[in-house]
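A.B. asks: Handing you this structure, nothing more for now.
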Amino acid sequence: MAASFAVENAAGYKSDGSTFAGTGSDNGISQKAVLIRNLVLASEYLMSHITHFYALAALDYVMGPPMSPWVPYFGFGAATTAISANPSGWDAAVSLIQYPSGYQNSFGYYNLYLKPGCIGGFDILGLNGIASAASASYMASGVLAELRDQKTIWSKVIAEYVVSLHMRRRILEVGAQFAGGLPMFRSLVMGGVAVDATSATISSWIDNFRDVLYRGSQAAAGTTASPASGTVLYFIENHYIPTVNIVSYLYPEYDNPNNSGLAALSALGKPSAGQNIGAGYGNFLGYGVFNSHDTSVTTADPESSMVYRTGSAPYSLDDFTVKVTSGKRFHKRGYYISGSYTTSGISASLDHRQIVEVVDYSWYDYYTSAGSVETSGYKHPWSGYTDPVVKTQAYSWAKGPRIWHNYPNTPADLVPMQVGPLARMWVTGLYQGGDAFILPFQHAFLSANGFTGNRSAVTAGHSVMDRHRARALECYLLAIATAQWLEELDNSTILNQDSYTVNNLPSAASGYGIHEAPRGALGHWVVVDSSKRIENWQAVVPSTWIDSPTDFKGNRGPLEESIVNPNTPVSGEQSLDFRKQAVSVPVEVLRVIHSYDPCLACTVHVVERNGEKGVRK
Amino acid sequence: MAIVKIDPVNRIEGHLGVNVNISGSSANAASAIATMYRGFENILYKRPVQDAIQIIPRI
């Protein structure tokens with residue numbers, strides 16, 4: 001969508017880098033177009049956040065059955081004598097949770113019978129001191145029996161994983177009604193959306209969307225305050241947020257120092273308070289996203305959010321108010337430089353000219369006007385280029401985007417920035433360091449497991465767990481906003497509006513589009529030549545900010561900084577490889593990387609010339 | 001000094017490599033490596049501007 005914002009900005013629509021609804025005389029687009037764009041983008045957000053946590057990140061923490069992709073296990077206690085004396089991770093955690101009486105018999109996870117490597121009652125890998133191995137066929141049937149037995153915690157974990165896949169598919173489907181296919185918004189055009197459907201058809205799409213989001217079925221009850229079981233909003237409240245809470249409770253070392261984990265774990269060597277693993281600079285950038293469909297909002301209006309908190313800390317989910325008819329955007333535009341990076345924390349508004357890229361350790365060069373290679377150079381995307389060169393010191397195809405905080409003064413200070421859900425929530429003022437929250441602990445599947453009610457207050461910071469927590473919280477708030485956008489769109493005046501508004505693209509223009517993709521700040525810059533063709537197009541995508549290489553000042557990219565952070569151990573956790581050899585796996589680094597949700601060059605396909613290997617990603 | 005090289009990093013979207021230089025129990029240097037050239041900027045050169053709206057989201 002940032003691409004259409006860039007083109008619309010060049011074509012003179014009502015834009016400050018993202019396009020607003022207008023009254024007709026101010027070159028705004030229709031309210032209908034803004035609402036449909038918001039709904040499509042929201043469905044991508046909800047899909048992306050759920051997918052990220054369950055399919056990409058949670059497997060670093062949650063022990064599944066002894067089959068791919070859950071093996072080899074991390075923090076597995078029985079691999080060696082030394083480790084068994086000091087078990088860690090999930091294995092230790094589940095043995096310490098205070099289960100209700102009789103739980104062992106019905107759930108049996110930590111019964112040796114169901115230990116890792118024990119399948120169908122047989123100690124397949126001979127790790128747990130239980131007699132006998134079993135044939136491969138018995139092993140297979142044992143796995144099946146395990147999966148069918150909903151009483152084991154393993155199958156609950158799998159069940160939730162499978163449910164998450166279902167949820168992400170369903171929410172994408174209802175967004176695709178408007179988008180003509182997702183991901184990748186097919187119906188997007190300059191000036192709006194190419195949705196040629198009658199009001200009645202769009203109303204039926206809205207109804208489908210409501211059903212998936214919170215109602216269960218068209219006839220069944222369900223509101224955003226009490227979503228029906230089986231809906232996406234219900235899943236977020238009763239599965240996603242509680243699971244994030246549980247994981248941070250069992251892995252307190254990945255949380256910030258203000259939070260503590262399960263007390264019994266500290267007896268086994270786990271720290272009692274957060275160790276801030278994976279904390280980075282604490283600099284956050286947000287371009288702002290989900291524009292208001294109110295035609296009276298102008299591009300000059302100060303930043304304001306559709307979401308605000310009432311009451312006092314610690315805030316519960318009920319203390320967040322979402323009102324899509326107020327505020328300029330869902331998330332504000334701006335950036336924050338942490339107190340640890342400069343002398344004091346700075347919140348600032350953003351001018352797109354402050355966004356520059358460096359290429360010192362990337363396989364690109366910048367050139368001076370005389371044509372020689374420019375050292376220590378930085379360029380705004382309008383004057384940038386992305387031509388590959390051979391270069392000894394380079395190590396990445398990503399450039400290094402930086403914020404020129406003291407713009408337009410020189411020397412430029414060039415600050416690296418974290419982007420993504422935590423950055424957005426921080427910039428919008430919904431999740432900032434020191435804020436305390438009361439979040440649901442009650443889990444739809446695991447409530448019998450001691451996880452009931454709400455977790456006592458958790459405090460915000462910028463560790464690995466804060467990234468997961470902020471993402472889950474954003475997912476919840478956005479689902480509420482999405483329900484409201486559906487109601488706003490289901491209005492005959494708006495449904496009768498044009499889907500798109502035509503503006504002539506001037507020759508020799510330039511434009512920029514900046515907004516937030518699910519993974520973070522996304523910007524496109526375009527220069528149009530005299531024949532209305534692209535003279536220059538530069539993309540600065542979220543993962544370029546996150547995975548940025550080091551710059552000429554020696555400042556690392558945010559991901560690099562999080563790994564080098566002395567709080568982040570790289571000693572590895574014990575595991576087993578497939579030959580039953582004990583290995584040390586640097587899973588800490590993986591957990592840090594996964595918390596950022598990087599996405600590199602999503603859809604670049606390489607086609608083998610002879611075609612025998614087909615198309616690969 | 002040990003070097004941990006994770007390339008490719010799995011369970012992310014796309015291709016990322018990470019080299020970590022280990023000193024004691026923590027890292028003293030890390031490199032995040034985008035291992036592919038994207039080239040969308042050069043694909044778009046001199047194309048009609050509105051093409052970008054359909055091409056760019058494929059990144």
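As shown in the structure tokens, the chain order sets the letters A, B, ...; within each chain, residues go from 1, and ligands are also counted from 1 in the order they appear.
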Just the residues within 10 Å of Ile206 of chain A, please, counting only C-alpha atoms, with nothing from its chain fewer than 6 positions along; format it as a list in words.
C.D. replies: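 Result of the neighbour search: Leu39, Val174, Gly175, Gln177, Phe178, Ala200, Ala483, Trp485, Leu486, Glu487, Leu489 and Asp490 of chain A.
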A.B. asks: I need the residues from that last selection saved to file as a PDB file, in the first residue's frame (with C-alpha atoms), if you can.
C.D. replies:
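As a result, again-v7.pdb now contains:
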```
ATOM      1  CA  LEU A  39      -9.818  -3.507   6.354  1.00  0.00           C
ATOM      2  CA  VAL A 174     -12.284 -12.253   4.542  1.00  0.00           C
ATOM      3  CA  GLY A 175      -9.728  -9.577   3.725  1.00  0.00           C
ATOM      4  CA  GLN A 177     -12.885 -10.490  -0.542  1.00  0.00           C
ATOM      5  CA  PHE A 178     -11.956  -6.830  -0.845  1.00  0.00           C
ATOM      6  CA  ALA A 200     -25.413  -5.549  -1.356  1.00  0.00           C
ATOM      7  CA  ALA A 483     -14.807  -4.452  13.890  1.00  0.00           C
ATOM      8  CA  TRP A 485     -14.322  -0.093  10.478  1.00  0.00           C
ATOM      9  CA  LEU A 486     -16.742  -2.783   9.314  1.00  0.00           C
ATOM     10  CA  GLU A 487     -19.628  -0.867  10.904  1.00  0.00           C
ATOM     11  CA  LEU A 489     -18.283   0.882   5.939  1.00  0.00           C
ATOM     12  CA  ASP A 490     -21.720  -0.729   6.273  1.00  0.00           C
TER      13      ASP A 490
END
```
A.B. asks: What lies within 10 Å of Ala197 of chain A using only C-alpha atoms, ignoring chain neighbours under 5 positions off, as a PyMOL selection string?
C.D. replies: chain A and resi 178+202-203+495+499
A.B. asks: Using only C-alpha atoms, can you tell me which of A:Trp426, A:Tyr254, A:Trp545, A:Tyr596 comes closest to Thr568 of chain A?
C.D. replies: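 Among the listed residues, A:Tyr254 lies closest to Thr568 of chain A.
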A.B. asks: Just the residues within 10 Å of Val322 of chain A, please, counting only C-alpha atoms, with nothing from its chain fewer than 2 positions along; format it as a list in words.
C.D. replies: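 My list of contacting residues is Ser305, Met306, Val307, Tyr308, Arg309, Asp319, Phe320, Val324, Thr325, Ser326, Gly327, Phe330, Leu477, Leu478, Ala479, Ile480, Ala481, Thr482 and Gln484 of chain A.
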A.B. asks: Kindly save the residues from that selection, with N, CA, C and O atoms included, as a PDB file, in the first residue's frame.
C.D. replies:
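Output contents, as saved in result_28.pdb:
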```pdb
ATOM      1  N   SER A 305      -4.030   9.492  18.028  1.00  0.00           N
ATOM      2  CA  SER A 305      -4.332   8.078  17.812  1.00  0.00           C
ATOM      3  C   SER A 305      -5.807   7.778  18.054  1.00  0.00           C
ATOM      4  O   SER A 305      -6.465   8.451  18.844  1.00  0.00           O
ATOM      5  N   MET A 306      -6.300   6.753  17.371  1.00  0.00           N
ATOM      6  CA  MET A 306      -7.662   6.264  17.595  1.00  0.00           C
ATOM      7  C   MET A 306      -7.762   5.459  18.890  1.00  0.00           C
ATOM      8  O   MET A 306      -8.844   5.083  19.302  1.00  0.00           O
ATOM      9  N   VAL A 307      -6.609   5.154  19.488  1.00  0.00           N
ATOM     10  CA  VAL A 307      -6.591   4.321  20.696  1.00  0.00           C
ATOM     11  C   VAL A 307      -6.056   5.145  21.850  1.00  0.00           C
ATOM     12  O   VAL A 307      -5.087   5.876  21.703  1.00  0.00           O
ATOM     13  N   TYR A 308      -6.710   5.060  22.980  1.00  0.00           N
ATOM     14  CA  TYR A 308      -6.157   5.722  24.155  1.00  0.00           C
ATOM     15  C   TYR A 308      -6.464   4.893  25.392  1.00  0.00           C
ATOM     16  O   TYR A 308      -7.328   4.014  25.381  1.00  0.00           O
ATOM     17  N   ARG A 309      -5.731   5.199  26.451  1.00  0.00           N
ATOM     18  CA  ARG A 309      -5.906   4.456  27.703  1.00  0.00           C
ATOM     19  C   ARG A 309      -6.632   5.341  28.699  1.00  0.00           C
ATOM     20  O   ARG A 309      -6.384   6.541  28.762  1.00  0.00           O
ATOM     21  N   ASP A 319      -9.110  -1.120  29.803  1.00  0.00           N
ATOM     22  CA  ASP A 319      -8.717   0.284  29.943  1.00  0.00           C
ATOM     23  C   ASP A 319      -8.303   0.905  28.613  1.00  0.00           C
ATOM     24  O   ASP A 319      -7.987   2.093  28.546  1.00  0.00           O
ATOM     25  N   PHE A 320      -8.235   0.095  27.565  1.00  0.00           N
ATOM     26  CA  PHE A 320      -7.934   0.636  26.238  1.00  0.00           C
ATOM     27  C   PHE A 320      -9.252   0.961  25.544  1.00  0.00           C
ATOM     28  O   PHE A 320     -10.157   0.130  25.499  1.00  0.00           O
ATOM     29  N   VAL A 324     -12.533   4.521  16.164  1.00  0.00           N
ATOM     30  CA  VAL A 324     -11.958   4.826  14.847  1.00  0.00           C
ATOM     31  C   VAL A 324     -12.485   6.134  14.279  1.00  0.00           C
ATOM     32  O   VAL A 324     -11.981   6.619  13.272  1.00  0.00           O
ATOM     33  N   THR A 325     -13.498   6.718  14.909  1.00  0.00           N
ATOM     34  CA  THR A 325     -14.001   8.005  14.425  1.00  0.00           C
ATOM     35  C   THR A 325     -13.275   9.172  15.090  1.00  0.00           C
ATOM     36  O   THR A 325     -13.594  10.327  14.838  1.00  0.00           O
ATOM     37  N   SER A 326     -12.325   8.899  15.956  1.00  0.00           N
ATOM     38  CA  SER A 326     -11.530   9.991  16.520  1.00  0.00           C
ATOM     39  C   SER A 326     -10.063   9.723  16.227  1.00  0.00           C
ATOM     40  O   SER A 326      -9.666   8.582  16.046  1.00  0.00           O
ATOM     41  N   GLY A 327      -9.273  10.769  16.168  1.00  0.00           N
ATOM     42  CA  GLY A 327      -7.844  10.571  15.933  1.00  0.00           C
ATOM     43  C   GLY A 327      -7.495  10.606  14.463  1.00  0.00           C
ATOM     44  O   GLY A 327      -8.305  10.320  13.587  1.00  0.00           O
ATOM     45  N   PHE A 330      -4.595   5.240  13.471  1.00  0.00           N
ATOM     46  CA  PHE A 330      -4.548   4.237  14.542  1.00  0.00           C
ATOM     47  C   PHE A 330      -3.220   4.375  15.286  1.00  0.00           C
ATOM     48  O   PHE A 330      -3.189   4.495  16.503  1.00  0.00           O
ATOM     49  N   LEU A 477      -5.944  -4.864  19.911  1.00  0.00           N
ATOM     50  CA  LEU A 477      -6.515  -3.525  19.703  1.00  0.00           C
ATOM     51  C   LEU A 477      -6.931  -3.335  18.246  1.00  0.00           C
ATOM     52  O   LEU A 477      -7.955  -2.724  17.939  1.00  0.00           O
ATOM     53  N   LEU A 478      -6.137  -3.882  17.344  1.00  0.00           N
ATOM     54  CA  LEU A 478      -6.458  -3.729  15.928  1.00  0.00           C
ATOM     55  C   LEU A 478      -7.704  -4.530  15.549  1.00  0.00           C
ATOM     56  O   LEU A 478      -8.492  -4.109  14.698  1.00  0.00           O
ATOM     57  N   ALA A 479      -7.890  -5.676  16.188  1.00  0.00           N
ATOM     58  CA  ALA A 479      -9.101  -6.458  15.906  1.00  0.00           C
ATOM     59  C   ALA A 479     -10.348  -5.676  16.312  1.00  0.00           C
ATOM     60  O   ALA A 479     -11.369  -5.707  15.619  1.00  0.00           O
ATOM     61  N   ILE A 480     -10.265  -4.940  17.425  1.00  0.00           N
ATOM     62  CA  ILE A 480     -11.391  -4.105  17.860  1.00  0.00           C
ATOM     63  C   ILE A 480     -11.640  -2.998  16.827  1.00  0.00           C
ATOM     64  O   ILE A 480     -12.783  -2.731  16.427  1.00  0.00           O
ATOM     65  N   ALA A 481     -10.561  -2.345  16.397  1.00  0.00           N
ATOM     66  CA  ALA A 481     -10.698  -1.274  15.408  1.00  0.00           C
ATOM     67  C   ALA A 481     -11.293  -1.820  14.110  1.00  0.00           C
ATOM     68  O   ALA A 481     -12.133  -1.170  13.471  1.00  0.00           O
ATOM     69  N   THR A 482     -10.869  -3.016  13.729  1.00  0.00           N
ATOM     70  CA  THR A 482     -11.367  -3.618  12.491  1.00  0.00           C
ATOM     71  C   THR A 482     -12.883  -3.813  12.563  1.00  0.00           C
ATOM     72  O   THR A 482     -13.604  -3.535  11.592  1.00  0.00           O
ATOM     73  N   GLN A 484     -14.912  -2.035  14.187  1.00  0.00           N
ATOM     74  CA  GLN A 484     -15.541  -0.716  14.039  1.00  0.00           C
ATOM     75  C   GLN A 484     -15.492  -0.231  12.592  1.00  0.00           C
ATOM     76  O   GLN A 484     -16.437   0.386  12.104  1.00  0.00           O
TER      77      GLN A 484
END
```
A.B. asks: Just want the 9 Å neighbourhood of Tyr234 of chain A, counted on only C-alpha atoms, with same-chain residues fewer than 5 positions away dropped. Output as a PyMOL selection string.
C.D. replies: chain A and resi 213-214+224+226-229+239
A.B. asks: Go ahead and save the residues from that selection, with all heavy atoms, as a PDB file, in the first residue's frame.
C.D. replies:
```
ATOM      1  N   LEU A 213     -14.420 -12.515  12.518  1.00  0.00           N
ATOM      2  CA  LEU A 213     -13.719 -11.714  13.517  1.00  0.00           C
ATOM      3  C   LEU A 213     -14.261 -11.928  14.936  1.00  0.00           C
ATOM      4  O   LEU A 213     -13.502 -12.089  15.875  1.00  0.00           O
ATOM      5  CB  LEU A 213     -13.813 -10.238  13.127  1.00  0.00           C
ATOM      6  CG  LEU A 213     -12.913  -9.256  13.874  1.00  0.00           C
ATOM      7  CD1 LEU A 213     -11.440  -9.620  13.683  1.00  0.00           C
ATOM      8  CD2 LEU A 213     -13.167  -7.831  13.398  1.00  0.00           C
ATOM      9  N   TYR A 214     -15.608 -11.929  15.090  1.00  0.00           N
ATOM     10  CA  TYR A 214     -16.093 -12.004  16.482  1.00  0.00           C
ATOM     11  C   TYR A 214     -17.455 -12.657  16.669  1.00  0.00           C
ATOM     12  O   TYR A 214     -17.882 -12.870  17.798  1.00  0.00           O
ATOM     13  CB  TYR A 214     -16.134 -10.602  17.111  1.00  0.00           C
ATOM     14  CG  TYR A 214     -17.047  -9.613  16.429  1.00  0.00           C
ATOM     15  CD1 TYR A 214     -18.380  -9.482  16.805  1.00  0.00           C
ATOM     16  CD2 TYR A 214     -16.573  -8.803  15.403  1.00  0.00           C
ATOM     17  CE1 TYR A 214     -19.216  -8.578  16.178  1.00  0.00           C
ATOM     18  CE2 TYR A 214     -17.395  -7.894  14.766  1.00  0.00           C
ATOM     19  CZ  TYR A 214     -18.716  -7.785  15.148  1.00  0.00           C
ATOM     20  OH  TYR A 214     -19.538  -6.901  14.524  1.00  0.00           O
ATOM     21  N   THR A 224     -17.715  -7.532  20.208  1.00  0.00           N
ATOM     22  CA  THR A 224     -16.279  -7.404  20.451  1.00  0.00           C
ATOM     23  C   THR A 224     -15.979  -7.483  21.941  1.00  0.00           C
ATOM     24  O   THR A 224     -14.873  -7.806  22.337  1.00  0.00           O
ATOM     25  CB  THR A 224     -15.747  -6.075  19.885  1.00  0.00           C
ATOM     26  OG1 THR A 224     -16.555  -5.007  20.378  1.00  0.00           O
ATOM     27  CG2 THR A 224     -15.785  -6.088  18.369  1.00  0.00           C
ATOM     28  N   SER A 226     -17.574  -9.579  24.019  1.00  0.00           N
ATOM     29  CA  SER A 226     -17.583 -11.004  24.347  1.00  0.00           C
ATOM     30  C   SER A 226     -17.673 -11.796  23.045  1.00  0.00           C
ATOM     31  O   SER A 226     -18.743 -12.243  22.652  1.00  0.00           O
ATOM     32  CB  SER A 226     -18.757 -11.342  25.263  1.00  0.00           C
ATOM     33  OG  SER A 226     -19.967 -10.933  24.672  1.00  0.00           O
ATOM     34  N   PRO A 227     -16.548 -11.919  22.353  1.00  0.00           N
ATOM     35  CA  PRO A 227     -16.552 -12.590  21.064  1.00  0.00           C
ATOM     36  C   PRO A 227     -16.951 -14.057  21.185  1.00  0.00           C
ATOM     37  O   PRO A 227     -16.670 -14.708  22.194  1.00  0.00           O
ATOM     38  CB  PRO A 227     -15.111 -12.448  20.588  1.00  0.00           C
ATOM     39  CG  PRO A 227     -14.321 -12.198  21.827  1.00  0.00           C
ATOM     40  CD  PRO A 227     -15.216 -11.467  22.748  1.00  0.00           C
ATOM     41  N   ALA A 228     -17.612 -14.555  20.157  1.00  0.00           N
ATOM     42  CA  ALA A 228     -18.024 -15.953  20.165  1.00  0.00           C
ATOM     43  C   ALA A 228     -16.808 -16.858  20.043  1.00  0.00           C
ATOM     44  O   ALA A 228     -15.812 -16.516  19.398  1.00  0.00           O
ATOM     45  CB  ALA A 228     -18.985 -16.212  19.012  1.00  0.00           C
ATOM     46  N   SER A 229     -16.914 -18.022  20.672  1.00  0.00           N
ATOM     47  CA  SER A 229     -15.838 -19.002  20.581  1.00  0.00           C
ATOM     48  C   SER A 229     -15.606 -19.382  19.125  1.00  0.00           C
ATOM     49  O   SER A 229     -16.546 -19.491  18.343  1.00  0.00           O
ATOM     50  CB  SER A 229     -16.233 -20.228  21.406  1.00  0.00           C
ATOM     51  OG  SER A 229     -15.304 -21.248  21.207  1.00  0.00           O
ATOM     52  N   HIS A 239      -6.279 -17.296  23.606  1.00  0.00           N
ATOM     53  CA  HIS A 239      -5.148 -18.157  23.264  1.00  0.00           C
ATOM     54  C   HIS A 239      -3.860 -17.342  23.119  1.00  0.00           C
ATOM     55  O   HIS A 239      -2.876 -17.594  23.797  1.00  0.00           O
ATOM     56  CB  HIS A 239      -5.403 -18.901  21.947  1.00  0.00           C
ATOM     57  CG  HIS A 239      -6.513 -19.883  22.001  1.00  0.00           C
ATOM     58  ND1 HIS A 239      -6.307 -21.237  22.100  1.00  0.00           N
ATOM     59  CD2 HIS A 239      -7.847 -19.718  21.977  1.00  0.00           C
ATOM     60  CE1 HIS A 239      -7.475 -21.866  22.136  1.00  0.00           C
ATOM     61  NE2 HIS A 239      -8.429 -20.957  22.053  1.00  0.00           N
TER      62      HIS A 239
END
```
A.B. asks: I need the chain A residues near chain B as a PyMOL selection string; criterion: at most 8 Å, counting only C-alpha atoms.
C.D. replies: chain A and resi 1+3-4+7+55-57+184-186+188-190+385-387+395-398+528+532-539+547-550+557+559-561+563-571+586+590+594+597-604+617
A.B. asks: If you run DSSP on this backbone, which residues of segment 138-339 of chain A come out as strand (DSSP E or B), and could you give them as a count of residues only?
C.D. replies: 32
A.B. asks: Determine which residues of segment 4-59 of chain B DSSP labels as alpha helix (DSSP H) from the backbone of this structure, then write them out as a PDB file with N, CA and C atoms, in the first residue's frame.
C.D. replies:
```pdb
ATOM      1  N   PHE B  40      14.421  -4.726  -7.063  1.00  0.00           N
ATOM      2  CA  PHE B  40      13.151  -4.145  -7.520  1.00  0.00           C
ATOM      3  C   PHE B  40      13.337  -2.723  -8.036  1.00  0.00           C
ATOM      4  N   GLU B  41      14.266  -1.991  -7.424  1.00  0.00           N
ATOM      5  CA  GLU B  41      14.497  -0.616  -7.846  1.00  0.00           C
ATOM      6  C   GLU B  41      14.883  -0.579  -9.324  1.00  0.00           C
ATOM      7  N   ASN B  42      15.706  -1.536  -9.733  1.00  0.00           N
ATOM      8  CA  ASN B  42      16.177  -1.530 -11.118  1.00  0.00           C
ATOM      9  C   ASN B  42      15.152  -2.127 -12.079  1.00  0.00           C
ATOM     10  N   ILE B  43      14.294  -3.019 -11.566  1.00  0.00           N
ATOM     11  CA  ILE B  43      13.217  -3.560 -12.406  1.00  0.00           C
ATOM     12  C   ILE B  43      12.263  -2.434 -12.809  1.00  0.00           C
ATOM     13  N   ASP B  51       2.484   1.129 -12.782  1.00  0.00           N
ATOM     14  CA  ASP B  51       2.887  -0.281 -12.686  1.00  0.00           C
ATOM     15  C   ASP B  51       3.431  -0.608 -11.300  1.00  0.00           C
ATOM     16  N   ALA B  52       4.062   0.392 -10.700  1.00  0.00           N
ATOM     17  CA  ALA B  52       4.730   0.147  -9.419  1.00  0.00           C
ATOM     18  C   ALA B  52       3.744  -0.318  -8.355  1.00  0.00           C
ATOM     19  N   ILE B  53       2.496   0.172  -8.451  1.00  0.00           N
ATOM     20  CA  ILE B  53       1.507  -0.190  -7.420  1.00  0.00           C
ATOM     21  C   ILE B  53       1.254  -1.693  -7.424  1.00  0.00           C
ATOM     22  N   GLN B  54       1.349  -2.329  -8.569  1.00  0.00           N
ATOM     23  CA  GLN B  54       1.164  -3.783  -8.617  1.00  0.00           C
ATOM     24  C   GLN B  54       2.458  -4.559  -8.448  1.00  0.00           C
ATOM     25  N   ILE B  55       3.574  -3.972  -8.891  1.00  0.00           N
ATOM     26  CA  ILE B  55       4.843  -4.716  -8.836  1.00  0.00           C
ATOM     27  C   ILE B  55       5.459  -4.675  -7.435  1.00  0.00           C
TER      28      ILE B  55
END
```
A.B. asks: Pick out the residues sitting within 12 Å of Tyr287 of chain A, and hand them over as an MDAnalysis selection string; count only C-alpha atoms, and ignore anything fewer than 2 positions along from it in its own chain.
C.D. replies: chainID A and resid 2 16:18 284:285 289:291 303 329:336 348:352 355 417:421 423:425 427:428 512:518 520:524 541:542
